[in-house]
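Quick notes on the structure that follows.
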Amino acid sequence: MVEERGRRRYESLRRTEQALRTRSEIADAARRLFVSRGWAETTVRDVAREARVSVPTVYAAYGNKPGLARALADAADLAADPSRLLAELEAPGIEPAAQLAAMAGYDRRLFERAGDIITLVREAGRTEPELAAVYRDGRARGHETRERVFSSWPTGVLRAGLDVPSAVDIYAALCTIDVYATLTAERGWSPERVERWWGAALVRELLS
């Protein structure tokens, strides 16, 4: 009887592992097709065929095509390692310049590891209100983080005449997927070089 309960327990774990693997395979297939074909040209049936699963399996895992894109956007955030950013921002005695460098490092990881998904969600959002909201919410979370960090600095840290909302605006203008793509794809910069330049530029533009 004990052995039978053990088998049942392990069978449950096996089913969970298989379900997670299936979700991952579907997400990988969706990412390949969305990026190579475009959002409008990719159907749920295409994703199912690419992942070698049934169409109902895709719907069961993600609901619909926008659900797939939302899941990919969430995975993009995780790929940038937000826990690392949080640890760096909250490190004892960290200076504002180092916090700016930490945020630039997060953006570099985000764009390097998931820039294709961010671009996809932004472009698809032009015709899909649901995805427009996903992109807008992601940007808003970033702005909120910067506002909290900048607001925590003592008076006099920000450059003279610069308030927190304006500092957030300047950061948002500098550290974008478009700037990253221009420098890496067109100008041949390495991601590391972009990160260093962002860190230095942010110090020049924001700090006294």
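How things are named: the first chain in the structure tokens is A, the next is B, and so on; residues count from 1 in each chain; ligands count from 1 in the order shown.
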Contact residues around Glu123 of chain A with only C-alpha atoms at 9 Å, ignoring same-chain residues under 4 positions, as a PDB file with C-alpha atoms, in the first residue's frame:
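File written: result.pdb
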ATOM      1  CA  TRP A  39       2.093  38.418 -35.176  1.00  0.00           C
ATOM      2  CA  ILE A 118       9.358  43.304 -26.476  1.00  0.00           C
ATOM      3  CA  THR A 119       9.375  44.533 -30.066  1.00  0.00           C
ATOM      4  CA  THR A 127      -3.841  46.293 -33.660  1.00  0.00           C
ATOM      5  CA  LEU A 131      -1.205  43.511 -26.140  1.00  0.00           C
ATOM      6  CA  ALA A 132      -1.019  47.295 -26.149  1.00  0.00           C
TER       7      ALA A 132
END
Could you name the residues that touch segment 135-141 of chain A at 12 Å or less, counting only C-alpha atoms, but leaving out those on the same chain fewer than 3 positions away, as a PyMOL selection string?
-> chain A and resi 66+69-70+72-77+82+107+110+117-126+128-132+144-148+168-169+171-173+175-177
Could you take the residues named above and write them with N, CA and C atoms, as a short mmCIF file (atom, residue, chain, number, x, y, z; two decimals), in the first residue's frame?
data_model
loop_
_atom_site.label_atom_id
_atom_site.label_comp_id
_atom_site.auth_asym_id
_atom_site.auth_seq_id
_atom_site.Cartn_x
_atom_site.Cartn_y
_atom_site.Cartn_z
N PRO A 66 -3.29 36.11 -27.78
CA PRO A 66 -2.81 37.16 -26.87
C PRO A 66 -2.31 36.60 -25.54
N ALA A 69 1.22 35.65 -26.00
CA ALA A 69 2.11 36.82 -26.01
C ALA A 69 2.30 37.38 -24.61
N ARG A 70 1.23 37.38 -23.80
CA ARG A 70 1.37 37.84 -22.41
C ARG A 70 2.35 36.97 -21.64
N LEU A 72 4.80 35.26 -22.87
CA LEU A 72 6.15 35.53 -23.35
C LEU A 72 6.69 36.84 -22.76
N ALA A 73 5.81 37.82 -22.63
CA ALA A 73 6.23 39.09 -22.04
C ALA A 73 6.62 38.90 -20.57
N ASP A 74 5.87 38.09 -19.84
CA ASP A 74 6.21 37.80 -18.45
C ASP A 74 7.56 37.09 -18.36
N ALA A 75 7.76 36.14 -19.28
CA ALA A 75 9.03 35.42 -19.30
C ALA A 75 10.19 36.36 -19.62
N ALA A 76 9.93 37.36 -20.45
CA ALA A 76 10.97 38.33 -20.79
C ALA A 76 11.42 39.08 -19.54
N ASP A 77 10.48 39.50 -18.71
CA ASP A 77 10.84 40.19 -17.47
C ASP A 77 11.69 39.30 -16.58
N PRO A 82 15.00 40.14 -12.37
CA PRO A 82 14.60 41.27 -11.51
C PRO A 82 15.06 41.12 -10.07
N ASP A 107 18.19 46.75 -17.81
CA ASP A 107 17.65 47.02 -19.15
C ASP A 107 18.48 46.34 -20.23
N LEU A 110 17.48 42.75 -20.23
CA LEU A 110 16.13 42.63 -20.78
C LEU A 110 16.14 42.69 -22.30
N ILE A 117 10.90 39.80 -28.20
CA ILE A 117 9.55 39.70 -27.66
C ILE A 117 8.99 41.08 -27.34
N ILE A 118 9.82 41.94 -26.78
CA ILE A 118 9.36 43.30 -26.48
C ILE A 118 8.92 44.02 -27.75
N THR A 119 9.72 43.91 -28.79
CA THR A 119 9.38 44.53 -30.07
C THR A 119 8.10 43.93 -30.63
N LEU A 120 7.97 42.61 -30.53
CA LEU A 120 6.78 41.93 -31.03
C LEU A 120 5.53 42.43 -30.33
N VAL A 121 5.56 42.48 -28.99
CA VAL A 121 4.39 42.91 -28.23
C VAL A 121 4.05 44.36 -28.55
N ARG A 122 5.06 45.21 -28.69
CA ARG A 122 4.81 46.61 -29.01
C ARG A 122 4.16 46.75 -30.38
N GLU A 123 4.70 46.05 -31.38
CA GLU A 123 4.16 46.17 -32.73
C GLU A 123 2.77 45.54 -32.83
N ALA A 124 2.58 44.37 -32.22
CA ALA A 124 1.27 43.72 -32.26
C ALA A 124 0.23 44.56 -31.53
N GLY A 125 0.69 45.33 -30.54
CA GLY A 125 -0.23 46.18 -29.79
C GLY A 125 -0.86 47.28 -30.62
N ARG A 126 -0.33 47.53 -31.81
CA ARG A 126 -0.94 48.55 -32.68
C ARG A 126 -2.31 48.12 -33.16
N GLU A 128 -3.83 45.08 -31.53
CA GLU A 128 -4.40 44.26 -30.47
C GLU A 128 -4.40 45.06 -29.16
N PRO A 129 -5.55 45.60 -28.77
CA PRO A 129 -5.60 46.41 -27.55
C PRO A 129 -5.08 45.66 -26.32
N GLU A 130 -5.31 44.36 -26.27
CA GLU A 130 -4.86 43.57 -25.13
C GLU A 130 -3.34 43.59 -25.01
N LEU A 131 -2.66 43.49 -26.15
CA LEU A 131 -1.20 43.51 -26.14
C LEU A 131 -0.67 44.93 -25.94
N ALA A 132 -1.41 45.91 -26.42
CA ALA A 132 -1.02 47.29 -26.15
C ALA A 132 -0.99 47.54 -24.64
N GLU A 144 7.76 53.30 -12.67
CA GLU A 144 7.46 53.33 -11.24
C GLU A 144 8.69 52.98 -10.41
N THR A 145 9.45 51.99 -10.86
CA THR A 145 10.68 51.62 -10.15
C THR A 145 11.64 52.79 -10.11
N ARG A 146 11.84 53.44 -11.25
CA ARG A 146 12.78 54.57 -11.29
C ARG A 146 12.30 55.72 -10.42
N GLU A 147 11.01 55.97 -10.44
CA GLU A 147 10.47 57.05 -9.61
C GLU A 147 10.73 56.78 -8.13
N ARG A 148 10.56 55.53 -7.72
CA ARG A 148 10.80 55.20 -6.31
C ARG A 148 12.27 55.35 -5.95
N VAL A 168 12.84 60.77 -14.51
CA VAL A 168 12.26 59.54 -15.06
C VAL A 168 12.10 59.67 -16.58
N ASP A 169 11.68 60.85 -17.03
CA ASP A 169 11.53 61.08 -18.47
C ASP A 169 12.86 60.92 -19.21
N TYR A 171 15.52 59.22 -18.25
CA TYR A 171 15.90 57.81 -18.26
C TYR A 171 15.12 57.07 -19.34
N ALA A 172 13.82 57.32 -19.41
CA ALA A 172 12.98 56.63 -20.39
C ALA A 172 13.40 56.93 -21.82
N ALA A 173 13.93 58.12 -22.05
CA ALA A 173 14.36 58.50 -23.40
C ALA A 173 15.68 57.84 -23.77
N CYS A 175 17.24 54.89 -22.22
CA CYS A 175 17.35 53.43 -22.11
C CYS A 175 16.12 52.77 -22.74
N THR A 176 16.12 52.67 -24.05
CA THR A 176 15.00 52.09 -24.77
C THR A 176 15.46 50.95 -25.66
N ILE A 177 14.52 50.13 -26.07
CA ILE A 177 14.83 49.03 -26.99
C ILE A 177 15.33 49.57 -28.32
#
Name the residues in contact with Ala97 of chain A at a cut-off of 9 Å, using only C-alpha atoms, excluding same-chain residues fewer than 4 positions from it; report them as a PyMOL selection string.
-> chain A and resi 101-102+199-200+202-203+207
Please, which residues of segment 121-193 of chain A, numbered as in this document, come out alpha helix (DSSP H) from DSSP, as a PyMOL selection string?
-> chain A and resi 121-124+129-151+164-174+177-181+191-193
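You will find atom CA of Val47 of chain A at 5.4 Å from atom CA of Ala30 of chain A.
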Can you work out which one of A:Gly142, A:Pro191, A:Gly115, A:Gly161 has the shortest atom-to-atom distance to Glu205 of chain A, counting only C-alpha atoms?
-> A:Gly161
Would you kindly return, as a PyMOL selection string, each protein, DNA or RNA residue with an atom no farther than 10 Å from any atom of Glu25 of chain A, considering only C-alpha atoms and excluding same-chain residues fewer than 3 positions away?
-> chain A and resi 19-22+28-31+47-48+50-53
For Arg193 of chain A, which residue among A:Thr42, A:Ala98, A:Ser151, A:Gly105 is the nearest when counting only C-alpha atoms?
->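 Of A:Thr42, A:Ala98, A:Ser151, A:Gly105, the one nearest Arg193 of chain A, counting only C-alpha atoms, is A:Gly105.
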What separation in Å, quoted to one decimal, exists between atom CA of His143 of chain A and atom CA of Pro165 of chain A?
->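 These atoms are spaced 9.3 Å apart.
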Do a neighbour search on Thr43 of chain A at 10 Å with only C-alpha atoms, toss out local chain neighbours closer than 6 positions, and write the hits as a ChimeraX atom specification.
-> /A:30,33-34,49,64-65
Same residues, N, CA, C and O atoms, output as a JSON list (two decimals), in the first residue's frame:
[["chain", "number", "residue", "atom", "x", "y", "z"],
["A", 30, "ALA", "N", 5.90, 29.44, -30.21],
["A", 30, "ALA", "CA", 5.24, 30.72, -30.46],
["A", 30, "ALA", "C", 6.26, 31.82, -30.68],
["A", 30, "ALA", "O", 6.12, 32.65, -31.59],
["A", 33, "LEU", "N", 7.83, 31.55, -34.16],
["A", 33, "LEU", "CA", 6.93, 31.91, -35.26],
["A", 33, "LEU", "C", 6.56, 33.39, -35.23],
["A", 33, "LEU", "O", 6.51, 34.04, -36.28],
["A", 34, "PHE", "N", 6.26, 33.91, -34.05],
["A", 34, "PHE", "CA", 5.92, 35.34, -33.96],
["A", 34, "PHE", "C", 7.05, 36.21, -34.48],
["A", 34, "PHE", "O", 6.83, 37.19, -35.18],
["A", 49, "ARG", "N", 1.20, 23.24, -34.50],
["A", 49, "ARG", "CA", 1.96, 22.41, -35.43],
["A", 49, "ARG", "C", 3.45, 22.49, -35.15],
["A", 49, "ARG", "O", 4.16, 21.48, -35.14],
["A", 64, "ASN", "N", -5.44, 31.80, -25.49],
["A", 64, "ASN", "CA", -5.57, 32.26, -26.86],
["A", 64, "ASN", "C", -4.23, 32.86, -27.30],
["A", 64, "ASN", "O", -3.24, 32.81, -26.56],
["A", 65, "LYS", "N", -4.20, 33.43, -28.48],
["A", 65, "LYS", "CA", -2.95, 33.98, -28.99],
["A", 65, "LYS", "C", -2.45, 35.16, -28.15],
["A", 65, "LYS", "O", -1.26, 35.21, -27.80]]
Choose the residue, out of A:Ala80, A:Val149, A:Val179, A:Val134, that has the smallest atom-to-atom separation from Ala167 of chain A; count only C-alpha atoms.
->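 Selected residue with least distance to Ala167 of chain A: A:Val149.
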